[in-house]
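Enquirer: The file below is final17.txt, compact mmCIF, C-alpha atoms:
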# COMPACT_ATOMS: atom_id res chain seq x y z
CA MET K 950 -49.84 -81.98 -53.42
CA GLU K 951 -47.82 -79.35 -55.30
CA THR K 952 -44.98 -80.45 -57.55
CA ARG K 953 -42.52 -78.80 -59.95
CA THR K 954 -41.01 -80.54 -62.94
CA PHE K 955 -37.36 -80.20 -63.94
CA GLY K 956 -36.15 -82.29 -66.86
CA GLN K 957 -37.20 -85.84 -66.17
CA ILE K 958 -38.05 -85.51 -62.48
CA ASP K 959 -40.85 -84.06 -60.37
CA VAL K 960 -40.08 -82.43 -57.02
CA ILE K 961 -42.75 -82.66 -54.34
CA LEU K 962 -42.92 -79.33 -52.49
CA PRO K 963 -43.83 -78.69 -48.84
CA SER K 964 -47.55 -79.04 -48.16
CA LEU K 965 -48.02 -75.73 -46.39
CA GLY K 966 -51.07 -74.54 -48.30
CA GLU K 967 -53.16 -77.64 -47.73
CA PRO K 968 -56.57 -77.27 -46.03
CA GLY K 969 -56.28 -77.55 -42.28
CA VAL K 970 -52.61 -76.52 -42.14
CA TYR K 971 -52.10 -73.54 -39.82
CA LEU K 972 -48.65 -72.18 -39.03
CA SER K 973 -48.10 -70.58 -35.64
CA ASN K 974 -45.54 -67.79 -35.18
CA VAL K 975 -42.60 -68.91 -33.08
CA THR K 976 -39.67 -66.97 -31.60
CA SER K 977 -37.20 -69.87 -31.66
CA LEU K 978 -36.44 -73.04 -33.59
CA GLU K 979 -35.66 -74.85 -30.35
CA GLY K 980 -38.84 -76.65 -29.39
CA GLY K 981 -39.86 -79.01 -26.65
CA ARG K 982 -38.18 -82.41 -26.99
CA GLY K 983 -36.27 -80.95 -29.93
CA THR K 984 -39.31 -80.71 -32.23
CA VAL K 985 -40.88 -77.63 -33.79
CA GLN K 986 -44.00 -78.28 -35.86
CA ASP K 987 -46.52 -76.20 -37.85
CA PHE K 988 -44.46 -73.06 -37.38
CA HIS K 989 -43.52 -69.73 -38.97
CA TYR K 990 -40.18 -68.27 -37.89
CA ALA K 991 -39.64 -64.80 -39.35
CA ASN K 992 -37.15 -61.93 -39.44
CA ALA K 993 -34.77 -63.19 -36.78
CA ASP K 994 -31.32 -61.58 -36.58
CA LEU K 995 -29.03 -63.97 -34.71
CA ARG K 996 -25.40 -64.09 -33.75
CA GLU K 997 -25.54 -67.89 -33.84
CA LEU K 998 -28.11 -70.52 -34.77
CA ASP K 999 -27.18 -73.89 -33.29
CA LEU K 1000 -29.48 -76.91 -33.57
CA SER K 1001 -28.62 -80.49 -32.63
CA ASN K 1002 -30.83 -83.60 -32.47
CA ALA K 1003 -33.76 -81.48 -33.64
CA ARG K 1004 -36.82 -81.91 -35.86
CA LEU K 1005 -38.35 -79.16 -37.98
CA LEU K 1006 -41.70 -80.37 -39.28
CA SER K 1007 -44.13 -78.47 -41.53
CA GLY K 1008 -43.11 -74.84 -41.37
CA ARG K 1009 -41.67 -71.74 -42.96
CA VAL K 1010 -38.53 -69.75 -42.16
CA THR K 1011 -38.39 -66.27 -43.71
CA GLY K 1012 -35.98 -63.36 -43.42
CA LEU K 1013 -33.56 -65.18 -41.12
CA ARG K 1014 -30.10 -63.63 -40.73
CA ALA K 1015 -27.48 -65.58 -38.80
CA GLN K 1016 -23.82 -64.73 -38.41
CA ARG K 1017 -23.09 -68.41 -37.95
CA THR K 1018 -25.19 -71.57 -38.31
CA ARG K 1019 -24.55 -75.11 -37.07
CA PHE K 1020 -27.01 -77.96 -37.65
CA HIS K 1021 -26.21 -81.52 -36.53
CA ASP K 1022 -28.61 -84.45 -36.73
CA VAL K 1023 -31.50 -82.25 -37.83
CA ARG K 1024 -34.50 -83.80 -39.57
CA VAL K 1025 -36.30 -81.31 -41.80
CA ASP K 1026 -39.62 -82.33 -43.34
CA SER K 1027 -42.00 -80.11 -45.34
CA VAL K 1028 -40.23 -76.80 -44.65
CA GLU K 1029 -39.60 -73.69 -46.74
CA PHE K 1030 -36.58 -71.44 -46.16
CA ASP K 1031 -37.10 -68.09 -47.90
CA SER K 1032 -34.86 -65.01 -48.24
CA SER K 1033 -32.54 -66.14 -45.45
CA ASP K 1034 -28.79 -65.72 -44.89
CA PHE K 1035 -27.22 -68.53 -42.88
CA GLY K 1036 -23.72 -67.03 -42.67
CA PRO K 1037 -20.91 -69.60 -42.45
CA MET K 1038 -22.89 -72.82 -42.08
CA GLN K 1039 -21.96 -76.32 -40.93
CA TRP K 1040 -24.68 -78.90 -41.51
CA THR K 1041 -23.96 -82.56 -40.77
CA ASP K 1042 -25.60 -85.98 -40.34
CA SER K 1043 -29.11 -84.92 -41.29
CA LYS K 1044 -32.07 -85.77 -43.50
CA LEU K 1045 -34.14 -83.40 -45.64
CA SER K 1046 -37.47 -84.27 -47.22
CA ARG K 1047 -39.79 -81.89 -49.11
CA VAL K 1048 -37.60 -78.86 -48.41
CA VAL K 1049 -37.22 -75.64 -50.40
CA PHE K 1050 -34.47 -73.03 -50.12
CA ARG K 1051 -35.59 -69.96 -52.07
CA ASN K 1052 -33.53 -66.76 -52.45
CA CYS K 1053 -31.19 -67.93 -49.68
CA LYS K 1054 -27.47 -67.41 -49.02
CA LEU K 1055 -25.42 -70.45 -48.04
CA MET K 1056 -22.08 -69.07 -49.18
CA GLY K 1057 -19.15 -71.10 -47.87
CA ALA K 1058 -21.48 -73.65 -46.32
CA ALA K 1059 -19.99 -77.01 -45.34
CA LEU K 1060 -22.59 -79.75 -45.79
CA SER K 1061 -21.69 -83.34 -44.92
CA SER K 1062 -23.48 -86.69 -44.59
CA ILE K 1063 -26.90 -85.44 -45.63
CA ALA K 1064 -29.67 -87.41 -47.32
CA ALA K 1065 -31.92 -85.29 -49.54
CA GLU K 1066 -35.30 -86.25 -50.99
CA ASN K 1067 -37.61 -83.83 -52.81
CA VAL K 1068 -35.30 -80.89 -52.13
CA LEU K 1069 -35.27 -77.74 -54.26
CA LEU K 1070 -32.64 -75.01 -54.02
CA ASP K 1071 -34.04 -72.11 -56.03
CA ASN K 1072 -32.24 -68.88 -56.92
CA SER K 1073 -29.81 -69.29 -54.03
CA LYS K 1074 -26.13 -68.46 -53.57
CA LEU K 1075 -23.83 -71.36 -52.68
CA ASP K 1076 -20.46 -69.94 -53.74
CA TYR K 1077 -17.49 -71.77 -52.15
CA ALA K 1078 -19.80 -74.34 -50.55
CA THR K 1079 -18.44 -77.84 -49.92
CA PHE K 1080 -20.70 -80.86 -50.30
CA ASN K 1081 -19.32 -84.08 -48.84
CA ASP K 1082 -21.18 -87.40 -48.79
CA ILE K 1083 -24.47 -85.88 -49.95
CA ARG K 1084 -26.92 -88.57 -51.08
CA ALA K 1085 -29.87 -87.82 -53.33
CA THR K 1086 -32.29 -90.48 -52.09
CA GLY K 1087 -35.03 -88.80 -54.15
CA PRO K 1088 -35.44 -85.75 -56.40
CA LEU K 1089 -32.85 -83.01 -55.76
CA VAL K 1090 -32.71 -79.85 -57.88
CA PHE K 1091 -30.44 -76.80 -58.02
CA SER K 1092 -32.33 -74.18 -60.06
CA LYS K 1093 -30.82 -70.81 -60.99
CA CYS K 1094 -28.26 -71.18 -58.19
CA VAL K 1095 -24.75 -69.72 -58.06
CA LEU K 1096 -22.24 -72.48 -57.24
CA SER K 1097 -18.99 -70.72 -58.14
CA GLU K 1098 -15.99 -72.64 -56.73
CA ALA K 1099 -18.26 -75.07 -54.89
CA THR K 1100 -16.98 -78.64 -54.47
CA PHE K 1101 -18.82 -81.98 -54.51
CA THR K 1102 -16.88 -84.91 -53.01
CA ASN K 1103 -18.06 -88.48 -52.37
CA CYS K 1104 -21.59 -87.46 -53.32
CA ASP K 1105 -24.28 -89.55 -54.97
CA LEU K 1106 -25.90 -87.08 -57.36
CA SER K 1107 -27.68 -89.69 -59.47
CA ARG K 1108 -30.61 -88.06 -61.30
CA VAL K 1109 -29.92 -84.68 -59.68
CA VAL K 1110 -30.83 -81.70 -61.87
CA PHE K 1111 -28.79 -78.53 -62.27
CA ASP K 1112 -31.09 -76.05 -64.00
CA ASP K 1113 -29.61 -72.80 -65.37
CA CYS K 1114 -26.94 -72.59 -62.65
CA THR K 1115 -23.63 -70.73 -62.51
CA LEU K 1116 -20.93 -73.43 -62.39
CA ARG K 1117 -17.75 -71.36 -62.62
CA LEU K 1118 -14.88 -73.45 -61.26
CA THR K 1119 -17.36 -75.81 -59.64
CA GLU K 1120 -15.53 -79.06 -58.89
CA PHE K 1121 -17.09 -82.47 -59.27
CA ALA K 1122 -14.68 -84.73 -57.43
CA ARG K 1123 -15.01 -88.50 -56.97
CA GLY K 1124 -18.61 -89.59 -56.63
CA THR K 1125 -21.60 -90.97 -58.50
CA TYR K 1126 -23.17 -88.81 -61.21
CA GLN K 1127 -25.18 -91.25 -63.32
CA ASP K 1128 -28.09 -89.47 -65.07
CA CYS K 1129 -27.18 -86.19 -63.37
CA ASP K 1130 -28.89 -83.65 -65.65
CA LEU K 1131 -26.54 -80.81 -66.60
CA ARG K 1132 -28.48 -79.51 -69.57
CA GLY K 1133 -28.88 -75.75 -69.84
CA ASN K 1134 -25.71 -74.88 -67.93
CA ASP K 1135 -22.39 -73.48 -69.12
CA LEU K 1136 -19.91 -76.30 -68.42
CA SER K 1137 -16.84 -74.66 -69.93
CA ALA K 1138 -15.31 -73.78 -66.55
CA VAL K 1139 -16.21 -76.81 -64.42
CA ARG K 1140 -13.54 -79.00 -62.81
CA GLY K 1141 -13.40 -82.77 -62.50
CA VAL K 1142 -14.73 -83.44 -66.00
CA ALA K 1143 -13.34 -87.00 -65.95
CA GLU K 1144 -15.64 -87.84 -63.03
CA LEU K 1145 -18.80 -86.86 -64.90
CA ARG K 1146 -19.50 -90.27 -66.33
CA ARG K 1147 -23.01 -91.03 -67.67
CA VAL K 1148 -24.35 -87.52 -67.07
CA ILE K 1149 -27.02 -85.99 -69.30
CA ILE K 1150 -26.00 -83.06 -71.52
CA ASP K 1151 -27.07 -81.42 -74.76
CA ARG K 1152 -24.96 -82.07 -77.85
CA ALA K 1153 -24.02 -78.39 -77.93
CA GLN K 1154 -22.35 -78.83 -74.52
CA GLN K 1155 -19.73 -81.23 -75.87
CA ALA K 1156 -17.53 -78.28 -76.84
CA GLN K 1157 -17.91 -76.81 -73.36
CA LEU K 1158 -16.75 -80.03 -71.71
CA ALA K 1159 -13.82 -80.21 -74.12
CA GLU K 1160 -12.85 -76.67 -73.16
CA ALA K 1161 -13.08 -77.53 -69.46
CA LEU K 1162 -10.98 -80.66 -69.92
CA THR K 1163 -8.34 -78.77 -71.90
CA ALA K 1164 -8.04 -76.18 -69.14
CA GLU K 1165 -7.82 -78.91 -66.50
CA LEU K 1166 -5.04 -80.74 -68.36
CA ASP K 1167 -3.04 -77.52 -68.67
CA VAL K 1168 -1.95 -78.43 -72.19
CA THR K 1169 0.50 -76.45 -74.30
CA TYR K 1170 -0.37 -75.76 -77.94
CA GLY K 1171 2.34 -76.46 -80.50
CA GLU K 1172 1.78 -73.20 -82.33
CA ASP K 1173 2.53 -71.34 -79.11
CA LEU K 1174 5.86 -73.16 -78.91
CA ASP K 1175 6.60 -72.24 -82.51
CA GLY K 1176 5.97 -68.61 -81.68
CA ARG K 1177 8.71 -68.63 -79.03
CA ARG K 1178 11.49 -69.35 -81.52
Taking this structure as input, can you express it in the form of structure tokens?
Expert:
Amino acid sequence: METRTFGQIDVILPSLGEPGVYLSNVTSLEGGRGTVQDFHYANADLRELDLSNARLLSGRVTGLRAQRTRFHDVRVDSVEFDSSDFGPMQWTDSKLSRVVFRNCKLMGAALSSIAAENVLLDNSKLDYATFNDIRATGPLVFSKCVLSEATFTNCDLSRVVFDDCTLRLTEFARGTYQDCDLRGNDLSAVRGVAELRRVIIDRAQQAQLAEALTAELDVTYGEDLDGRR
């Protein structure tokens, strides 16, 4: 069982290299009775990818390009998504376990009511993404991801790790962030600083949070007023 360690947590990765695991090439993610298992889906160029009440079990998706993606009630277990562009994505009411997104584009994605356990987003672009009611029921890691102007609302990100991510104007709205590990990130331009109670940071990041809070409060400095006289 392969794992990767980030801070204080270990992420269990998909077991695709285990003895006896053979992935068959498939031409669609729509399987019989809504289940696709032990699969490799590669280099598809789609106008739309629409899955509902589906199960993706033990597989790999590589080189996917979709102009639009909609997932609803999709269970994903032991799956790798690599070098894929999902276009504008809507993903709702789903559960992810032992899932990796590597070198993927989910820019502007709208993700809602998703439970995530042993999920790793690695070197992926999530600019302008909205995360609503995302629950980390187990290890969840964003590593070297771009989350510029992304928004987290009503999320439980307890013990989630952000590792060397771009968090420019990333907004942490109301939610639970206890033991969320923000070490190693530039926090000077995040929004919603007051919501980040009980997170983990380095001492050097105190100044960054102060800078972010000052910008959020839109304060006026007295010396600037004096200069207007």
Enquirer: Figure out the distance between CA of Glu1172 in chain K and CA of Ala1153 in chain K, please, to one decimal in Å.
Expert: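 If I compute the distance from CA of Ala1153 in chain K to CA of Glu1172 in chain K, I get 26.7 Å.
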Enquirer: Figure out the distance between CA of Arg996 in chain K and CA of Ala1065 in chain K, please, to one decimal in Å.
Expert: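 Computing the Euclidean distance for CA of Ala1065 in chain K and CA of Arg996 in chain K yields 27.2 Å.
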Enquirer: May I have the residues at most 9 Å from (-21.2, -84.5, -64.5) in the file's coordinates, counting only C-alpha atoms, as a ChimeraX atom specification?
Expert: /K:1106,1121,1125-1131,1141-1150
Enquirer: Which residues are close to range 1037-1039 of chain K, i.e. within 12 Å by only C-alpha atoms, leaving aside same-chain residues fewer than 5 positions away? Reply as a PyMOL selection string.
Expert: chain K and resi 996-1001+1014-1023+1054-1063+1075-1081
Enquirer: Could you save those same residues with C-alpha atoms as a short mmCIF file (atom, residue, chain, number, x, y, z; two decimals), keeping the file's coordinate frame?
Expert:
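Contents of again.cif, freshly written:
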data_model
loop_
_atom_site.label_atom_id
_atom_site.label_comp_id
_atom_site.auth_asym_id
_atom_site.auth_seq_id
_atom_site.Cartn_x
_atom_site.Cartn_y
_atom_site.Cartn_z
CA ARG K 996 -25.40 -64.09 -33.75
CA GLU K 997 -25.54 -67.89 -33.84
CA LEU K 998 -28.11 -70.52 -34.77
CA ASP K 999 -27.18 -73.89 -33.29
CA LEU K 1000 -29.48 -76.91 -33.57
CA SER K 1001 -28.62 -80.49 -32.63
CA ARG K 1014 -30.10 -63.63 -40.73
CA ALA K 1015 -27.48 -65.58 -38.80
CA GLN K 1016 -23.82 -64.73 -38.41
CA ARG K 1017 -23.09 -68.41 -37.95
CA THR K 1018 -25.19 -71.57 -38.31
CA ARG K 1019 -24.55 -75.11 -37.07
CA PHE K 1020 -27.01 -77.96 -37.65
CA HIS K 1021 -26.21 -81.52 -36.53
CA ASP K 1022 -28.61 -84.45 -36.73
CA VAL K 1023 -31.50 -82.25 -37.83
CA LYS K 1054 -27.47 -67.41 -49.02
CA LEU K 1055 -25.42 -70.45 -48.04
CA MET K 1056 -22.08 -69.07 -49.18
CA GLY K 1057 -19.15 -71.10 -47.87
CA ALA K 1058 -21.48 -73.65 -46.32
CA ALA K 1059 -19.99 -77.01 -45.34
CA LEU K 1060 -22.59 -79.75 -45.79
CA SER K 1061 -21.69 -83.34 -44.92
CA SER K 1062 -23.48 -86.69 -44.59
CA ILE K 1063 -26.90 -85.44 -45.63
CA LEU K 1075 -23.83 -71.36 -52.68
CA ASP K 1076 -20.46 -69.94 -53.74
CA TYR K 1077 -17.49 -71.77 -52.15
CA ALA K 1078 -19.80 -74.34 -50.55
CA THR K 1079 -18.44 -77.84 -49.92
CA PHE K 1080 -20.70 -80.86 -50.30
CA ASN K 1081 -19.32 -84.08 -48.84
#
Enquirer: Using CA of Leu962 in chain K and CA of Val1048 in chain K as the two end points, give the distance in Å to one decimal.
Expert: 6.7 Å
Enquirer: Mind checking which residues fall within 10 Å of range 990-995 of chain K, counting all atoms listed in the file, ignoring those fewer than 3 positions away in the same chain, and posting them as an NGL selection string?
Expert: :K and (972-978 or 998 or 1008-1018 or 1030-1035)
Enquirer: I'd like to know which of K:Ile958, K:Ala1156, K:Val1025, K:Leu1070 is closest to Cys1114 in chain K, using only C-alpha atoms.
Expert: K:Leu1070
Enquirer: From the options K:Leu1174, K:Val1068, K:Val985, K:Val1109, which residue's atoms come nearest to Gln957 in chain K, counting only C-alpha atoms?
Expert: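 For Gln957 in chain K, the nearest of the given residues is K:Val1109.
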Enquirer: Point out the residue among K:Arg982, K:Arg1152, K:Lys1093, K:Arg1047 with the least atom-to-atom distance to Ala1003 in chain K, counting only C-alpha atoms.
Expert: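 Among the listed residues, the smallest separation from Ala1003 in chain K belongs to K:Arg982.
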Enquirer: Excluding Asp1151 in chain K and its own-chain neighbours fewer than 6 positions away, which residues fall within 12 Å of it when counting all atoms listed in the file? Please give them as a PyMOL selection string.
Expert: chain K and resi 1130-1136+1157-1158
Enquirer: Using all atoms listed in the file, which of the listed residues (K:Glu1165, K:Asp1042, K:Glu1029, K:Asp959) sits closest to Ala1138 in chain K?
Expert: K:Glu1165
Enquirer: Applying 8 Å and all atoms listed in the file, which residues near Gln986 in chain K remain after dropping the ones on its own chain fewer than 5 positions away? List them as number ranges by chain.
Expert: K: 1005-1008
Enquirer: Rank K:Thr954, K:Ala1161, K:Gly980, K:Ser1027 by their smallest atom-to-atom distance to Gly966 in chain K, using only C-alpha atoms, and report the top residue only.
Expert: K:Ser1027
Enquirer: Please output range 1068-1094 of chain K, rebuilt to include N, CA, C and O atoms, as an mmCIF file, keeping the file's coordinate frame.
Expert:
data_model
loop_
_atom_site.group_PDB
_atom_site.id
_atom_site.type_symbol
_atom_site.label_atom_id
_atom_site.label_comp_id
_atom_site.auth_asym_id
_atom_site.auth_seq_id
_atom_site.Cartn_x
_atom_site.Cartn_y
_atom_site.Cartn_z
ATOM 1 N N VAL K 1068 -35.919 -82.129 -52.597
ATOM 2 C CA VAL K 1068 -35.300 -80.890 -52.130
ATOM 3 C C VAL K 1068 -35.039 -79.985 -53.327
ATOM 4 O O VAL K 1068 -34.467 -80.412 -54.324
ATOM 5 N N LEU K 1069 -35.455 -78.732 -53.209
ATOM 6 C CA LEU K 1069 -35.270 -77.740 -54.260
ATOM 7 C C LEU K 1069 -34.507 -76.550 -53.700
ATOM 8 O O LEU K 1069 -34.930 -75.942 -52.713
ATOM 9 N N LEU K 1070 -33.365 -76.240 -54.327
ATOM 10 C CA LEU K 1070 -32.640 -75.010 -54.020
ATOM 11 C C LEU K 1070 -32.862 -74.078 -55.202
ATOM 12 O O LEU K 1070 -32.409 -74.348 -56.319
ATOM 13 N N ASP K 1071 -33.558 -72.984 -54.964
ATOM 14 C CA ASP K 1071 -34.040 -72.110 -56.030
ATOM 15 C C ASP K 1071 -33.464 -70.705 -55.872
ATOM 16 O O ASP K 1071 -33.656 -70.067 -54.824
ATOM 17 N N ASN K 1072 -32.759 -70.245 -56.905
ATOM 18 C CA ASN K 1072 -32.240 -68.880 -56.920
ATOM 19 C C ASN K 1072 -31.459 -68.558 -55.646
ATOM 20 O O ASN K 1072 -31.652 -67.513 -55.023
ATOM 21 N N SER K 1073 -30.583 -69.455 -55.263
ATOM 22 C CA SER K 1073 -29.810 -69.290 -54.030
ATOM 23 C C SER K 1073 -28.321 -69.234 -54.324
ATOM 24 O O SER K 1073 -27.858 -69.734 -55.350
ATOM 25 N N LYS K 1074 -27.578 -68.625 -53.402
ATOM 26 C CA LYS K 1074 -26.130 -68.460 -53.570
ATOM 27 C C LYS K 1074 -25.398 -69.480 -52.709
ATOM 28 O O LYS K 1074 -25.550 -69.493 -51.482
ATOM 29 N N LEU K 1075 -24.588 -70.328 -53.374
ATOM 30 C CA LEU K 1075 -23.830 -71.360 -52.680
ATOM 31 C C LEU K 1075 -22.355 -71.294 -53.091
ATOM 32 O O LEU K 1075 -21.667 -72.316 -53.127
ATOM 33 N N ASP K 1076 -21.866 -70.091 -53.378
ATOM 34 C CA ASP K 1076 -20.460 -69.940 -53.740
ATOM 35 C C ASP K 1076 -19.574 -70.534 -52.648
ATOM 36 O O ASP K 1076 -19.841 -70.359 -51.446
ATOM 37 N N TYR K 1077 -18.519 -71.223 -53.065
ATOM 38 C CA TYR K 1077 -17.490 -71.770 -52.150
ATOM 39 C C TYR K 1077 -18.033 -72.836 -51.207
ATOM 40 O O TYR K 1077 -17.337 -73.243 -50.269
ATOM 41 N N ALA K 1078 -19.247 -73.294 -51.419
ATOM 42 C CA ALA K 1078 -19.800 -74.340 -50.550
ATOM 43 C C ALA K 1078 -19.092 -75.673 -50.805
ATOM 44 O O ALA K 1078 -18.633 -75.952 -51.920
ATOM 45 N N THR K 1079 -19.000 -76.502 -49.773
ATOM 46 C CA THR K 1079 -18.440 -77.840 -49.920
ATOM 47 C C THR K 1079 -19.520 -78.859 -49.569
ATOM 48 O O THR K 1079 -20.154 -78.776 -48.520
ATOM 49 N N PHE K 1080 -19.714 -79.799 -50.480
ATOM 50 C CA PHE K 1080 -20.700 -80.860 -50.300
ATOM 51 C C PHE K 1080 -19.940 -82.177 -50.194
ATOM 52 O O PHE K 1080 -19.270 -82.597 -51.136
ATOM 53 N N ASN K 1081 -20.040 -82.832 -49.053
ATOM 54 C CA ASN K 1081 -19.320 -84.080 -48.840
ATOM 55 C C ASN K 1081 -20.310 -85.166 -48.391
ATOM 56 O O ASN K 1081 -21.064 -84.975 -47.427
ATOM 57 N N ASP K 1082 -20.315 -86.284 -49.126
ATOM 58 C CA ASP K 1082 -21.180 -87.400 -48.790
ATOM 59 C C ASP K 1082 -22.652 -86.972 -48.757
ATOM 60 O O ASP K 1082 -23.393 -87.284 -47.824
ATOM 61 N N ILE K 1083 -23.060 -86.241 -49.790
ATOM 62 C CA ILE K 1083 -24.470 -85.880 -49.950
ATOM 63 C C ILE K 1083 -25.129 -86.946 -50.812
ATOM 64 O O ILE K 1083 -24.633 -87.278 -51.895
ATOM 65 N N ARG K 1084 -26.246 -87.491 -50.365
ATOM 66 C CA ARG K 1084 -26.920 -88.570 -51.080
ATOM 67 C C ARG K 1084 -28.319 -88.122 -51.501
ATOM 68 O O ARG K 1084 -29.140 -87.763 -50.652
ATOM 69 N N ALA K 1085 -28.540 -88.129 -52.813
ATOM 70 C CA ALA K 1085 -29.870 -87.820 -53.330
ATOM 71 C C ALA K 1085 -30.693 -89.101 -53.292
ATOM 72 O O ALA K 1085 -30.640 -89.927 -54.200
ATOM 73 N N THR K 1086 -31.460 -89.292 -52.223
ATOM 74 C CA THR K 1086 -32.290 -90.480 -52.090
ATOM 75 C C THR K 1086 -33.623 -90.313 -52.814
ATOM 76 O O THR K 1086 -34.425 -91.245 -52.885
ATOM 77 N N GLY K 1087 -33.852 -89.116 -53.345
ATOM 78 C CA GLY K 1087 -35.030 -88.800 -54.150
ATOM 79 C C GLY K 1087 -34.709 -87.563 -54.956
ATOM 80 O O GLY K 1087 -33.546 -87.147 -55.035
ATOM 81 N N PRO K 1088 -35.692 -86.916 -55.566
ATOM 82 C CA PRO K 1088 -35.440 -85.750 -56.400
ATOM 83 C C PRO K 1088 -34.695 -84.640 -55.640
ATOM 84 O O PRO K 1088 -35.058 -84.273 -54.517
ATOM 85 N N LEU K 1089 -33.636 -84.118 -56.287
ATOM 86 C CA LEU K 1089 -32.850 -83.010 -55.760
ATOM 87 C C LEU K 1089 -32.533 -82.085 -56.918
ATOM 88 O O LEU K 1089 -31.996 -82.534 -57.936
ATOM 89 N N VAL K 1090 -32.865 -80.793 -56.774
ATOM 90 C CA VAL K 1090 -32.710 -79.850 -57.880
ATOM 91 C C VAL K 1090 -32.030 -78.570 -57.394
ATOM 92 O O VAL K 1090 -32.402 -78.012 -56.353
ATOM 93 N N PHE K 1091 -31.028 -78.130 -58.181
ATOM 94 C CA PHE K 1091 -30.440 -76.800 -58.020
ATOM 95 C C PHE K 1091 -30.940 -75.980 -59.207
ATOM 96 O O PHE K 1091 -30.580 -76.268 -60.350
ATOM 97 N N SER K 1092 -31.761 -74.977 -58.972
ATOM 98 C CA SER K 1092 -32.330 -74.180 -60.060
ATOM 99 C C SER K 1092 -31.913 -72.716 -59.917
ATOM 100 O O SER K 1092 -32.153 -72.087 -58.871
ATOM 101 N N LYS K 1093 -31.256 -72.205 -60.956
ATOM 102 C CA LYS K 1093 -30.820 -70.810 -60.990
ATOM 103 C C LYS K 1093 -29.968 -70.454 -59.765
ATOM 104 O O LYS K 1093 -30.064 -69.350 -59.217
ATOM 105 N N CYS K 1094 -29.141 -71.392 -59.336
ATOM 106 C CA CYS K 1094 -28.260 -71.180 -58.190
ATOM 107 C C CYS K 1094 -26.857 -70.795 -58.657
ATOM 108 O O CYS K 1094 -26.428 -71.163 -59.749
#
